[in-house]
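Asks: Dropping the structure in here first, questions after.
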Amino acid sequence: YITINEMNGSPSEVFLNVGKAGSDVFAMSEALGRVCSLFLRYGDHGNKVQLLTKHLKGIGGSGAIGFGPNRVESIADAVAQALEMHGSAPNEADAYVTATQEVIMETTAQYAVNRNSAISLDLCPSCGSASLINSEGCKNCSNCGYGRCN
């Protein structure tokens, strides 16, 4: 979920809620939201929203979702697109944020499916992919074979 709060008509806070509490993806998305909020609230950077959007837009990841102009490359790209839509047309922004929420939930859920139930995965310290799962009391990477108990 992406929540954008305004102060004096300009975005000042970005809250992200992605994945399961305690996971690496959750921690990194919370950190991204905090850093974006700090940037938007402090200092005089001219057009802060446009500058932040410029630097976050197009950042790619392994979990790209969607097609055409609605394609979301990563969580950072989703934040950039939400900020961009938020500034351009308030009515469109509400619809976009709702769609982005659904895309991010799908992206988080796609990391693994185990016996028809979605599992939130952590990042593997060896290969960096979101494929570290709990298996037989140990965390193992389904991508590269790394194991914390080995």
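Residues in the structure tokens are named by chain (A, B, ... in the order shown) and by number from 1 within that chain; ligands are numbered from 1 in the order shown.
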Could you pull the residues within 8 Å of Tyr146 of chain A, counting only C-alpha atoms, minus those fewer than 6 positions along the same chain, as a PyMOL selection string?

Replies: chain A and resi 124+126+140

Asks: Got a sec: who's within 12 Å of Glu6 of chain A, counting only C-alpha atoms, leaving out chain neighbours fewer than 6 positions off, as a PDB file with N, CA and C atoms, in the first residue's frame?

Replies:
ATOM      1  N   SER A  12       4.154  15.508   1.553  1.00  0.00           N
ATOM      2  CA  SER A  12       5.169  15.655   2.599  1.00  0.00           C
ATOM      3  C   SER A  12       5.518  14.331   3.268  1.00  0.00           C
ATOM      4  N   GLU A  13       4.686  13.320   3.100  1.00  0.00           N
ATOM      5  CA  GLU A  13       4.952  12.017   3.699  1.00  0.00           C
ATOM      6  C   GLU A  13       4.559  10.916   2.724  1.00  0.00           C
ATOM      7  N   VAL A  14       5.365   9.861   2.705  1.00  0.00           N
ATOM      8  CA  VAL A  14       5.070   8.676   1.903  1.00  0.00           C
ATOM      9  C   VAL A  14       5.180   7.472   2.831  1.00  0.00           C
ATOM     10  N   PHE A  15       4.095   6.729   2.949  1.00  0.00           N
ATOM     11  CA  PHE A  15       4.086   5.520   3.759  1.00  0.00           C
ATOM     12  C   PHE A  15       3.926   4.323   2.842  1.00  0.00           C
ATOM     13  N   SER A  37       9.968  10.685   2.741  1.00  0.00           N
ATOM     14  CA  SER A  37       9.307  11.666   3.605  1.00  0.00           C
ATOM     15  C   SER A  37      10.293  12.722   4.093  1.00  0.00           C
ATOM     16  N   LEU A  40      11.097  15.073   1.246  1.00  0.00           N
ATOM     17  CA  LEU A  40       9.985  15.959   0.900  1.00  0.00           C
ATOM     18  C   LEU A  40       9.756  17.040   1.957  1.00  0.00           C
ATOM     19  N   ARG A  41      10.094  16.767   3.202  1.00  0.00           N
ATOM     20  CA  ARG A  41       9.808  17.703   4.284  1.00  0.00           C
ATOM     21  C   ARG A  41      10.905  18.718   4.549  1.00  0.00           C
ATOM     22  N   VAL A  49       9.137  17.180  -5.420  1.00  0.00           N
ATOM     23  CA  VAL A  49       8.372  16.022  -5.882  1.00  0.00           C
ATOM     24  C   VAL A  49       8.871  15.570  -7.252  1.00  0.00           C
ATOM     25  N   LEU A  83       3.566   9.307  -6.962  1.00  0.00           N
ATOM     26  CA  LEU A  83       3.831  10.740  -6.760  1.00  0.00           C
ATOM     27  C   LEU A  83       3.525  11.539  -8.027  1.00  0.00           C
ATOM     28  N   HIS A  86      -0.179  11.708  -8.400  1.00  0.00           N
ATOM     29  CA  HIS A  86      -0.727  12.521  -7.318  1.00  0.00           C
ATOM     30  C   HIS A  86      -0.667  14.006  -7.668  1.00  0.00           C
ATOM     31  N   GLY A  87       0.427  14.414  -8.297  1.00  0.00           N
ATOM     32  CA  GLY A  87       0.595  15.814  -8.663  1.00  0.00           C
ATOM     33  C   GLY A  87      -0.156  16.232  -9.903  1.00  0.00           C
ATOM     34  N   PRO A  90      -5.692  14.887  -9.112  1.00  0.00           N
ATOM     35  CA  PRO A  90      -6.107  14.226  -7.880  1.00  0.00           C
ATOM     36  C   PRO A  90      -7.065  13.049  -8.094  1.00  0.00           C
TER      37      PRO A  90
END

Asks: What does the distance from atom CA of Val79 of chain A to atom CA of Ile2 of chain A come to in Å, to one decimal?

Replies: 7.2 Å
